[in-house]
>>> print(open('model_39.txt').read())   # compact mmCIF, C-alpha atoms
# COMPACT_ATOMS: atom_id res chain seq x y z
CA MET A 299 -9.85 -3.64 0.28
CA LYS A 300 -6.31 -4.75 -0.54
CA PRO A 301 -5.96 -7.42 -3.23
CA LEU A 302 -5.02 -10.95 -2.19
CA LEU A 303 -2.55 -11.19 -5.10
CA GLU A 304 -0.82 -8.23 -6.68
CA LEU A 305 1.84 -8.00 -9.38
CA SER A 306 3.37 -4.59 -10.06
CA ASN A 307 5.59 -3.93 -13.11
CA VAL A 308 6.92 -7.49 -13.24
CA ALA A 309 9.60 -8.47 -15.75
CA ALA A 310 10.94 -12.01 -16.29
CA SER A 311 13.19 -13.91 -18.69
CA TYR A 312 14.04 -17.38 -19.87
CA GLY A 313 17.81 -17.05 -19.88
CA ALA A 314 18.71 -14.26 -22.29
CA SER A 315 15.20 -14.15 -23.76
CA GLN A 316 12.93 -11.68 -21.99
CA ALA A 317 9.29 -12.85 -21.85
CA LEU A 318 7.67 -10.34 -19.48
CA PHE A 319 8.47 -6.64 -19.62
CA ASP A 320 5.81 -4.91 -17.52
CA VAL A 321 2.98 -7.01 -16.10
CA SER A 322 0.65 -5.65 -13.43
CA LEU A 323 -2.51 -7.30 -12.13
CA ALA A 324 -4.50 -7.75 -8.95
CA VAL A 325 -6.93 -10.40 -7.72
CA GLY A 326 -9.14 -9.77 -4.70
CA GLN A 327 -10.60 -12.30 -2.29
CA GLY A 328 -13.66 -13.93 -3.87
CA GLU A 329 -12.92 -12.30 -7.23
CA VAL A 330 -12.55 -13.99 -10.62
CA VAL A 331 -10.02 -12.32 -12.90
CA ALA A 332 -9.48 -13.39 -16.51
CA LEU A 333 -5.90 -13.19 -17.78
CA MET A 334 -6.17 -12.83 -21.53
CA GLY A 335 -4.09 -12.39 -24.67
CA ARG A 336 -3.10 -14.19 -27.83
CA ASN A 337 -0.80 -17.21 -27.73
CA GLY A 338 2.76 -16.38 -26.75
CA MET A 339 1.96 -13.06 -25.06
CA GLY A 340 3.09 -14.09 -21.57
CA LYS A 341 0.06 -15.58 -19.83
CA THR A 342 1.58 -18.90 -18.78
CA THR A 343 4.89 -17.18 -18.00
CA THR A 344 2.99 -14.88 -15.64
CA VAL A 345 1.48 -17.93 -13.95
CA LYS A 346 4.94 -19.46 -13.54
CA VAL A 347 6.18 -16.26 -11.92
CA ILE A 348 3.22 -16.15 -9.52
CA CYS A 349 3.79 -19.79 -8.55
CA ARG A 350 7.55 -19.13 -8.23
CA MET A 351 8.46 -21.69 -10.88
CA LEU A 352 10.24 -18.88 -12.73
CA LEU A 353 12.24 -16.12 -11.07
CA HIS A 354 11.41 -12.57 -12.05
CA LYS A 355 13.98 -9.88 -12.86
CA SER A 356 12.18 -6.86 -11.44
CA GLY A 357 8.87 -5.68 -10.07
CA ASP A 358 6.91 -6.65 -6.96
CA ILE A 359 4.78 -9.72 -6.21
CA THR A 360 2.71 -9.84 -3.04
CA PHE A 361 0.26 -12.43 -1.75
CA ASP A 362 -1.82 -11.66 1.32
CA ASP A 363 0.49 -8.70 2.04
CA ASN A 364 3.55 -10.99 1.93
CA ASP A 365 6.38 -10.32 -0.51
CA ILE A 366 6.71 -13.72 -2.21
CA GLY A 367 9.34 -12.69 -4.75
CA GLY A 368 12.08 -14.58 -2.96
CA LEU A 369 10.13 -17.72 -2.12
CA PRO A 370 10.58 -21.16 -3.69
CA SER A 371 7.50 -22.66 -5.31
CA HIS A 372 6.61 -25.06 -2.48
CA LYS A 373 6.51 -22.22 0.06
CA ALA A 374 4.31 -20.11 -2.23
CA ALA A 375 1.95 -23.07 -2.51
CA ARG A 376 1.80 -23.40 1.27
CA LEU A 377 0.69 -19.77 1.53
CA GLY A 378 -2.42 -20.77 -0.41
CA ILE A 379 -1.70 -20.64 -4.15
CA GLY A 380 -3.25 -23.59 -5.97
CA LEU A 381 -2.44 -24.27 -9.63
CA VAL A 382 -4.35 -26.25 -12.25
CA PRO A 383 -1.60 -26.39 -14.88
CA GLU A 384 -2.00 -26.31 -18.62
CA GLY A 385 -2.16 -29.89 -19.89
CA ARG A 386 -3.58 -31.24 -16.60
CA ARG A 387 -0.43 -33.20 -15.60
CA CYS A 388 -2.15 -35.83 -13.51
CA PHE A 389 -0.04 -38.61 -12.04
CA ALA A 390 -0.80 -41.22 -14.69
CA ASN A 391 -0.04 -44.35 -12.67
CA LEU A 392 -1.80 -43.25 -9.50
CA SER A 393 -5.50 -43.77 -8.87
CA VAL A 394 -7.99 -40.93 -8.78
CA TYR A 395 -8.00 -41.02 -4.99
CA GLU A 396 -4.20 -41.14 -4.79
CA ASN A 397 -3.94 -38.14 -7.13
CA LEU A 398 -6.33 -36.17 -4.95
CA ILE A 399 -4.54 -36.85 -1.67
CA ALA A 400 -1.00 -36.51 -3.07
CA ALA A 401 -0.68 -32.86 -2.04
CA ALA A 402 -3.75 -32.52 0.18
CA ARG A 403 -3.71 -30.17 3.15
CA ALA A 404 -6.19 -30.01 6.01
CA GLY A 405 -9.15 -27.74 5.45
CA GLU A 406 -12.65 -27.49 4.07
CA TRP A 407 -11.78 -29.22 0.81
CA ASP A 408 -11.47 -32.99 1.21
CA PHE A 409 -12.24 -36.00 -0.97
CA GLU A 410 -15.96 -35.95 -0.23
CA ARG A 411 -16.37 -32.25 -0.98
CA VAL A 412 -14.44 -32.54 -4.24
CA CYS A 413 -16.73 -35.43 -5.22
CA VAL A 414 -19.78 -33.23 -4.60
CA LEU A 415 -18.35 -30.78 -7.15
CA PHE A 416 -17.31 -33.58 -9.53
CA PRO A 417 -19.36 -36.74 -8.85
CA ARG A 418 -17.54 -38.68 -11.59
CA LEU A 419 -14.39 -38.69 -9.48
CA LYS A 420 -16.15 -40.67 -6.76
CA GLU A 421 -17.36 -43.19 -9.34
CA ARG A 422 -13.79 -43.58 -10.63
CA ARG A 423 -12.04 -43.44 -7.26
CA THR A 424 -9.92 -46.57 -7.85
CA GLN A 425 -9.20 -46.04 -11.55
CA LEU A 426 -5.75 -44.98 -12.71
CA ALA A 427 -5.61 -41.41 -13.98
CA VAL A 428 -4.26 -42.60 -17.32
CA SER A 429 -7.53 -44.45 -17.93
CA LEU A 430 -9.70 -41.33 -17.58
CA SER A 431 -11.05 -39.21 -20.40
CA GLY A 432 -9.54 -35.79 -20.98
CA GLY A 433 -12.50 -34.12 -19.26
CA GLU A 434 -12.26 -36.41 -16.26
CA GLN A 435 -8.53 -35.73 -16.00
CA GLN A 436 -9.30 -32.01 -15.97
CA MET A 437 -11.81 -32.50 -13.16
CA LEU A 438 -9.14 -34.47 -11.32
CA ALA A 439 -6.56 -31.69 -11.80
CA ILE A 440 -8.99 -29.11 -10.42
CA GLY A 441 -9.92 -31.37 -7.52
CA ARG A 442 -6.26 -31.98 -6.72
CA ALA A 443 -5.64 -28.22 -6.55
CA LEU A 444 -8.70 -27.68 -4.37
CA MET A 445 -7.51 -30.32 -1.92
CA THR A 446 -4.47 -28.17 -1.17
CA ASN A 447 -7.13 -25.82 0.29
CA PRO A 448 -5.86 -22.74 -1.57
CA ARG A 449 -6.97 -19.15 -1.17
CA LEU A 450 -6.14 -18.45 -4.82
CA LEU A 451 -6.95 -20.96 -7.57
CA ILE A 452 -5.16 -20.50 -10.91
CA LEU A 453 -6.75 -22.17 -13.93
CA ASP A 454 -4.37 -22.29 -16.90
CA GLU A 455 -6.42 -23.24 -20.00
CA ALA A 456 -8.69 -25.51 -17.95
CA THR A 457 -11.06 -26.25 -20.84
CA GLU A 458 -8.62 -26.42 -23.75
CA GLY A 459 -9.24 -29.34 -26.10
CA LEU A 460 -12.35 -30.58 -24.30
CA ALA A 461 -15.70 -31.44 -25.88
CA PRO A 462 -18.31 -28.66 -25.58
CA VAL A 463 -20.46 -30.57 -23.08
CA ILE A 464 -17.44 -31.14 -20.82
CA ARG A 465 -16.39 -27.51 -21.17
CA GLN A 466 -19.81 -26.52 -19.85
CA GLU A 467 -19.39 -28.86 -16.86
CA ILE A 468 -16.05 -27.27 -16.01
CA TRP A 469 -17.41 -23.72 -16.32
CA ALA A 470 -20.44 -24.66 -14.21
CA ALA A 471 -18.05 -25.88 -11.51
CA VAL A 472 -16.06 -22.62 -11.68
CA LEU A 473 -19.27 -20.63 -11.35
CA GLN A 474 -20.25 -22.77 -8.35
CA LEU A 475 -16.87 -22.08 -6.74
CA LYS A 476 -17.41 -18.36 -7.27
CA ARG A 477 -20.90 -18.43 -5.76
CA ASP A 478 -20.27 -20.77 -2.84
CA THR A 479 -16.71 -20.08 -1.70
CA GLY A 480 -14.43 -17.15 -0.93
CA LEU A 481 -11.83 -18.38 -3.40
CA ALA A 482 -9.97 -15.89 -5.54
CA ILE A 483 -9.64 -17.27 -9.07
CA LEU A 484 -7.25 -16.30 -11.87
CA ALA A 485 -8.43 -17.90 -15.11
CA ILE A 486 -6.69 -18.17 -18.47
CA ASP A 487 -8.93 -19.20 -21.34
CA LYS A 488 -9.68 -18.25 -24.92
CA SER A 489 -13.48 -18.19 -24.71
CA LEU A 490 -14.84 -14.69 -24.21
CA LYS A 491 -18.39 -15.98 -23.89
CA GLU A 492 -17.64 -18.48 -21.14
CA LEU A 493 -15.24 -16.21 -19.28
CA GLY A 494 -17.90 -13.52 -19.38
CA GLN A 495 -20.20 -15.76 -17.34
CA VAL A 496 -17.78 -15.96 -14.41
CA ALA A 497 -15.15 -13.20 -14.58
CA ASP A 498 -15.45 -9.94 -12.66
CA LYS A 499 -12.39 -8.32 -14.22
CA ALA A 500 -9.93 -8.89 -17.04
CA VAL A 501 -6.27 -8.18 -17.69
CA ILE A 502 -4.99 -8.34 -21.26
CA LEU A 503 -1.35 -9.04 -22.07
CA GLU A 504 0.38 -8.03 -25.31
CA LYS A 505 4.01 -8.99 -25.86
CA GLY A 506 4.70 -9.40 -22.15
CA ARG A 507 3.00 -6.20 -21.05
CA SER A 508 -0.32 -5.42 -19.41
CA VAL A 509 -2.11 -3.30 -21.99
CA TRP A 510 -5.65 -3.22 -20.59
CA SER A 511 -7.39 -3.99 -17.31
CA GLY A 512 -10.83 -3.32 -15.93
CA PRO A 513 -14.30 -4.80 -15.42
CA PHE A 514 -14.85 -7.68 -17.83
CA ALA A 515 -18.09 -6.15 -19.07
CA ALA A 516 -16.25 -2.93 -19.94
CA MET A 517 -14.10 -4.61 -22.59
CA SER A 518 -15.05 -3.17 -25.97
CA SER A 519 -15.18 -4.98 -29.30
CA GLU A 520 -12.34 -2.71 -30.44
CA GLN A 521 -10.14 -3.96 -27.61
CA THR A 522 -11.00 -7.61 -28.16
CA ASP A 523 -10.34 -7.28 -31.90
CA ARG A 524 -7.05 -5.48 -31.31
CA TYR A 525 -5.61 -7.70 -28.58
CA LEU A 526 -7.46 -11.01 -28.82
CA GLY A 527 -8.40 -11.40 -32.48
CA VAL A 528 -6.51 -13.69 -34.82
>>> encode(input="model_39.txt", output="structure tokens")
Amino acid sequence: MKPLLELSNVAASYGASQALFDVSLAVGQGEVVALMGRNGMGKTTTVKVICRMLLHKSGDITFDDNDIGGLPSHKAARLGIGLVPEGRRCFANLSVYENLIAAARAGEWDFERVCVLFPRLKERRTQLAVSLSGGEQQMLAIGRALMTNPRLLILDEATEGLAPVIRQEIWAAVLQLKRDTGLAILAIDKSLKELGQVADKAVILEKGRSVWSGPFAAMSSEQTDRYLGV
């Protein structure tokens, strides 16, 4: 089966500073892939390239057999790429409901279904996003992405800075998405234990290059120490 998303030998730069040199990865329909690496190794840059927020210099990027390398970000989103960005980036002065419908597209995911996944959002429907806790804002950011009815959901540090109990709620929701939907998920996170509960495969980046990929369970302690240790 062909992957839904595939990057082959992708390179990208911020002006004169090259950030990605050779990144390759693939995410299949219904598959959860962990994108891993130490800070500054190119994970968020890779996400920006996938979402077409950063142009790449070379390599191939395909989504559902479409070459998306020349697309602007809004057209890539319309193909079915949903992003939960690092730092949440909710619309502070809009209500929970207004945040959720801001970029909504017709499909299975609507306000009621998002509220089944995250009941707190229904309770806080009329509250401004700025008044929510960090965990609630993260739920809102995930719900907002789901309401675009994506085929690929990208989670960029979705549990960073959250209390342990809230982290577990977020991971439980990701596991539910994996079990109950056909969503492909690309997840960036630092927790090997929690990623191991949901991820099918992993790709490790080191200095802007893909240095290891394979089944998540096949990652050895030597590899994690070499590429993920402090």
>>> closest_residue(input="model_39.txt", among="A:Leu430, A:Ala439, A:Leu302, A:Ile348", to="Leu398 in chain A", atoms="all atoms listed in the file")
A:Ala439
>>> atom_distance(input="model_39.txt", atom1="CA of Gly506 in chain A", atom2="CA of Gly367 in chain A")
18.3 Å
>>> axis_aligned_box(input="model_39.txt", around="range 365-369 of chain A", padding_each_side="8 Å", output="JSON")
{"center_x": 9.2, "center_y": -14.0, "center_z": -2.6, "size_x": 21.7, "size_y": 23.4, "size_z": 20.2}
>>> closest_atom_pairs(input="model_39.txt", of="range 312-430 of chain A", to="range 511-516 of chain A", cutoff="10 Å", atoms="all atoms listed in the file", output="CSV")
residue,atom,partner,partner_atom,distance
A:Ser322,CA,A:Ser511,CA,9.1
A:Leu323,CA,A:Ser511,CA,7.8
A:Ala324,CA,A:Ser511,CA,9.6
A:Val330,CA,A:Phe514,CA,9.9
A:Val331,CA,A:Phe514,CA,8.3
A:Ala332,CA,A:Phe514,CA,7.9
A:Leu333,CA,A:Ser511,CA,9.3
A:Met334,CA,A:Ser511,CA,9.9
>>> closest_residue(input="model_39.txt", among="A:Ala471, A:Gly405, A:Lys499, A:Asp487", to="Gly328 in chain A", atoms="all atoms listed in the file")
A:Lys499
>>> closest_residue(input="model_39.txt", among="A:Asn337, A:Ser393, A:Ser306, A:Gln495", to="Glu455 in chain A", atoms="all atoms listed in the file")
A:Asn337
>>> residues_around(input="model_39.txt", residues="Ser431 in chain A", least_positions_apart="2", cutoff="12 Å", atoms="only C-alpha atoms", output="PDB file with C-alpha atoms, in the frame of the given file")
ATOM      1  CA  ARG A 386      -3.580 -31.240 -16.600  1.00  0.00           C
ATOM      2  CA  CYS A 388      -2.150 -35.830 -13.510  1.00  0.00           C
ATOM      3  CA  ALA A 390      -0.800 -41.220 -14.690  1.00  0.00           C
ATOM      4  CA  ARG A 418     -17.540 -38.680 -11.590  1.00  0.00           C
ATOM      5  CA  LEU A 419     -14.390 -38.690  -9.480  1.00  0.00           C
ATOM      6  CA  ARG A 422     -13.790 -43.580 -10.630  1.00  0.00           C
ATOM      7  CA  GLN A 425      -9.200 -46.040 -11.550  1.00  0.00           C
ATOM      8  CA  LEU A 426      -5.750 -44.980 -12.710  1.00  0.00           C
ATOM      9  CA  ALA A 427      -5.610 -41.410 -13.980  1.00  0.00           C
ATOM     10  CA  VAL A 428      -4.260 -42.600 -17.320  1.00  0.00           C
ATOM     11  CA  SER A 429      -7.530 -44.450 -17.930  1.00  0.00           C
ATOM     12  CA  GLY A 433     -12.500 -34.120 -19.260  1.00  0.00           C
ATOM     13  CA  GLU A 434     -12.260 -36.410 -16.260  1.00  0.00           C
ATOM     14  CA  GLN A 435      -8.530 -35.730 -16.000  1.00  0.00           C
ATOM     15  CA  GLN A 436      -9.300 -32.010 -15.970  1.00  0.00           C
ATOM     16  CA  MET A 437     -11.810 -32.500 -13.160  1.00  0.00           C
ATOM     17  CA  LEU A 438      -9.140 -34.470 -11.320  1.00  0.00           C
ATOM     18  CA  GLY A 459      -9.240 -29.340 -26.100  1.00  0.00           C
ATOM     19  CA  LEU A 460     -12.350 -30.580 -24.300  1.00  0.00           C
ATOM     20  CA  ALA A 461     -15.700 -31.440 -25.880  1.00  0.00           C
ATOM     21  CA  ILE A 464     -17.440 -31.140 -20.820  1.00  0.00           C
TER      22      ILE A 464
END
>>> residues_near_point(input="model_39.txt", point="(1.7, -15.9, -1.2)", cutoff="12 Å", atoms="only C-alpha atoms", output="PyMOL selection string")
chain A and resi 301-305+347-350+359-380+448-451
>>> write_last_selection(input="model_39.txt", atoms="C-alpha atoms", output="mmCIF file, keeping the file's coordinate frame")
data_model
loop_
_atom_site.group_PDB
_atom_site.id
_atom_site.type_symbol
_atom_site.label_atom_id
_atom_site.label_comp_id
_atom_site.auth_asym_id
_atom_site.auth_seq_id
_atom_site.Cartn_x
_atom_site.Cartn_y
_atom_site.Cartn_z
ATOM 1 C CA PRO A 301 -5.960 -7.420 -3.230
ATOM 2 C CA LEU A 302 -5.020 -10.950 -2.190
ATOM 3 C CA LEU A 303 -2.550 -11.190 -5.100
ATOM 4 C CA GLU A 304 -0.820 -8.230 -6.680
ATOM 5 C CA LEU A 305 1.840 -8.000 -9.380
ATOM 6 C CA VAL A 347 6.180 -16.260 -11.920
ATOM 7 C CA ILE A 348 3.220 -16.150 -9.520
ATOM 8 C CA CYS A 349 3.790 -19.790 -8.550
ATOM 9 C CA ARG A 350 7.550 -19.130 -8.230
ATOM 10 C CA ILE A 359 4.780 -9.720 -6.210
ATOM 11 C CA THR A 360 2.710 -9.840 -3.040
ATOM 12 C CA PHE A 361 0.260 -12.430 -1.750
ATOM 13 C CA ASP A 362 -1.820 -11.660 1.320
ATOM 14 C CA ASP A 363 0.490 -8.700 2.040
ATOM 15 C CA ASN A 364 3.550 -10.990 1.930
ATOM 16 C CA ASP A 365 6.380 -10.320 -0.510
ATOM 17 C CA ILE A 366 6.710 -13.720 -2.210
ATOM 18 C CA GLY A 367 9.340 -12.690 -4.750
ATOM 19 C CA GLY A 368 12.080 -14.580 -2.960
ATOM 20 C CA LEU A 369 10.130 -17.720 -2.120
ATOM 21 C CA PRO A 370 10.580 -21.160 -3.690
ATOM 22 C CA SER A 371 7.500 -22.660 -5.310
ATOM 23 C CA HIS A 372 6.610 -25.060 -2.480
ATOM 24 C CA LYS A 373 6.510 -22.220 0.060
ATOM 25 C CA ALA A 374 4.310 -20.110 -2.230
ATOM 26 C CA ALA A 375 1.950 -23.070 -2.510
ATOM 27 C CA ARG A 376 1.800 -23.400 1.270
ATOM 28 C CA LEU A 377 0.690 -19.770 1.530
ATOM 29 C CA GLY A 378 -2.420 -20.770 -0.410
ATOM 30 C CA ILE A 379 -1.700 -20.640 -4.150
ATOM 31 C CA GLY A 380 -3.250 -23.590 -5.970
ATOM 32 C CA PRO A 448 -5.860 -22.740 -1.570
ATOM 33 C CA ARG A 449 -6.970 -19.150 -1.170
ATOM 34 C CA LEU A 450 -6.140 -18.450 -4.820
ATOM 35 C CA LEU A 451 -6.950 -20.960 -7.570
#
>>> residues_around(input="model_39.txt", residues="Glu396 in chain A", least_positions_apart="3", cutoff="9 Å", atoms="all atoms listed in the file", output="VMD selection string")
chain A and resid 389 392 to 393 399 to 400 423 to 424 426
>>> atom_distance(input="model_39.txt", atom1="CA of Asp358 in chain A", atom2="CA of Gly480 in chain A")
24.5 Å
>>> atom_distance(input="model_39.txt", atom1="CA of Met445 in chain A", atom2="CA of Leu353 in chain A")
26.0 Å
>>> closest_atom_pairs(input="model_39.txt", of="range 377-401 of chain A", to="range 340-346 of chain A", cutoff="10 Å", atoms="only C-alpha atoms", output="Markdown table")
| residue | atom | partner | partner_atom | distance |
| --- | --- | --- | --- | --- |
| A:Leu381 | CA | A:Val345 | CA | 8.6 |
| A:Pro383 | CA | A:Thr342 | CA | 9.0 |
| A:Glu384 | CA | A:Thr342 | CA | 8.2 |
>>> closest_residue(input="model_39.txt", among="A:Gly441, A:Gly385, A:Gly432, A:Gly335", to="Trp407 in chain A", atoms="only C-alpha atoms")
A:Gly441
>>> residues_around(input="model_39.txt", residues="Leu318 in chain A", least_positions_apart="4", cutoff="7 Å", atoms="all atoms listed in the file", output="list of chain:residue names")
A:Val308, A:Ala309, A:Ala310, A:Ser311, A:Gly340, A:Gly506, A:Arg507
>>> closest_residue(input="model_39.txt", among="A:Ser356, A:Glu492, A:Leu484, A:Gln474", to="Pro462 in chain A", atoms="only C-alpha atoms")
A:Glu492
>>> closest_residue(input="model_39.txt", among="A:Leu475, A:Arg336, A:Lys300, A:Ile486", to="Asp523 in chain A", atoms="all atoms listed in the file")
A:Arg336
>>> build_atoms(input="model_39.txt", residues="range 431-451 of chain A", atoms="N, CA and C atoms", output="mmCIF file, in the frame of the given file")
data_model
loop_
_atom_site.group_PDB
_atom_site.id
_atom_site.type_symbol
_atom_site.label_atom_id
_atom_site.label_comp_id
_atom_site.auth_asym_id
_atom_site.auth_seq_id
_atom_site.Cartn_x
_atom_site.Cartn_y
_atom_site.Cartn_z
ATOM 1 N N SER A 431 -10.926 -40.085 -19.237
ATOM 2 C CA SER A 431 -11.050 -39.210 -20.400
ATOM 3 C C SER A 431 -10.363 -37.880 -20.115
ATOM 4 N N GLY A 432 -10.174 -37.092 -21.169
ATOM 5 C CA GLY A 432 -9.540 -35.790 -20.980
ATOM 6 C C GLY A 432 -10.333 -34.902 -20.031
ATOM 7 N N GLY A 433 -11.671 -34.925 -20.149
ATOM 8 C CA GLY A 433 -12.500 -34.120 -19.260
ATOM 9 C C GLY A 433 -12.414 -34.575 -17.823
ATOM 10 N N GLU A 434 -12.382 -35.883 -17.615
ATOM 11 C CA GLU A 434 -12.260 -36.410 -16.260
ATOM 12 C C GLU A 434 -10.902 -36.083 -15.658
ATOM 13 N N GLN A 435 -9.854 -36.121 -16.479
ATOM 14 C CA GLN A 435 -8.530 -35.730 -16.000
ATOM 15 C C GLN A 435 -8.512 -34.260 -15.595
ATOM 16 N N GLN A 436 -9.254 -33.426 -16.337
ATOM 17 C CA GLN A 436 -9.300 -32.010 -15.970
ATOM 18 C C GLN A 436 -10.030 -31.818 -14.655
ATOM 19 N N MET A 437 -11.112 -32.542 -14.451
ATOM 20 C CA MET A 437 -11.810 -32.500 -13.160
ATOM 21 C C MET A 437 -10.873 -32.935 -12.038
ATOM 22 N N LEU A 438 -10.080 -33.966 -12.314
ATOM 23 C CA LEU A 438 -9.140 -34.470 -11.320
ATOM 24 C C LEU A 438 -8.078 -33.417 -11.000
ATOM 25 N N ALA A 439 -7.575 -32.727 -12.026
ATOM 26 C CA ALA A 439 -6.560 -31.690 -11.800
ATOM 27 C C ALA A 439 -7.121 -30.539 -10.966
ATOM 28 N N ILE A 440 -8.370 -30.170 -11.218
ATOM 29 C CA ILE A 440 -8.990 -29.110 -10.420
ATOM 30 C C ILE A 440 -9.208 -29.586 -8.997
ATOM 31 N N GLY A 441 -9.712 -30.824 -8.856
ATOM 32 C CA GLY A 441 -9.920 -31.370 -7.520
ATOM 33 C C GLY A 441 -8.642 -31.469 -6.726
ATOM 34 N N ARG A 442 -7.570 -31.873 -7.390
ATOM 35 C CA ARG A 442 -6.260 -31.980 -6.720
ATOM 36 C C ARG A 442 -5.816 -30.624 -6.193
ATOM 37 N N ALA A 443 -5.999 -29.563 -7.001
ATOM 38 C CA ALA A 443 -5.640 -28.220 -6.550
ATOM 39 C C ALA A 443 -6.508 -27.766 -5.396
ATOM 40 N N LEU A 444 -7.796 -28.078 -5.452
ATOM 41 C CA LEU A 444 -8.700 -27.680 -4.370
ATOM 42 C C LEU A 444 -8.333 -28.365 -3.061
ATOM 43 N N MET A 445 -7.835 -29.587 -3.136
ATOM 44 C CA MET A 445 -7.510 -30.320 -1.920
ATOM 45 C C MET A 445 -6.238 -29.816 -1.238
ATOM 46 N N THR A 446 -5.543 -28.874 -1.876
ATOM 47 C CA THR A 446 -4.470 -28.170 -1.170
ATOM 48 C C THR A 446 -5.071 -27.032 -0.330
ATOM 49 N N ASN A 447 -6.397 -26.875 -0.419
ATOM 50 C CA ASN A 447 -7.130 -25.820 0.290
ATOM 51 C C ASN A 447 -6.506 -24.436 0.062
ATOM 52 N N PRO A 448 -6.480 -24.033 -1.226
ATOM 53 C CA PRO A 448 -5.860 -22.740 -1.570
ATOM 54 C C PRO A 448 -6.776 -21.573 -1.259
ATOM 55 N N ARG A 449 -6.201 -20.396 -1.228
ATOM 56 C CA ARG A 449 -6.970 -19.150 -1.170
ATOM 57 C C ARG A 449 -7.095 -18.541 -2.569
ATOM 58 N N LEU A 450 -6.127 -18.870 -3.423
ATOM 59 C CA LEU A 450 -6.140 -18.450 -4.820
ATOM 60 C C LEU A 450 -6.043 -19.691 -5.693
ATOM 61 N N LEU A 451 -6.969 -19.848 -6.629
ATOM 62 C CA LEU A 451 -6.950 -20.960 -7.570
ATOM 63 C C LEU A 451 -6.621 -20.402 -8.948
#
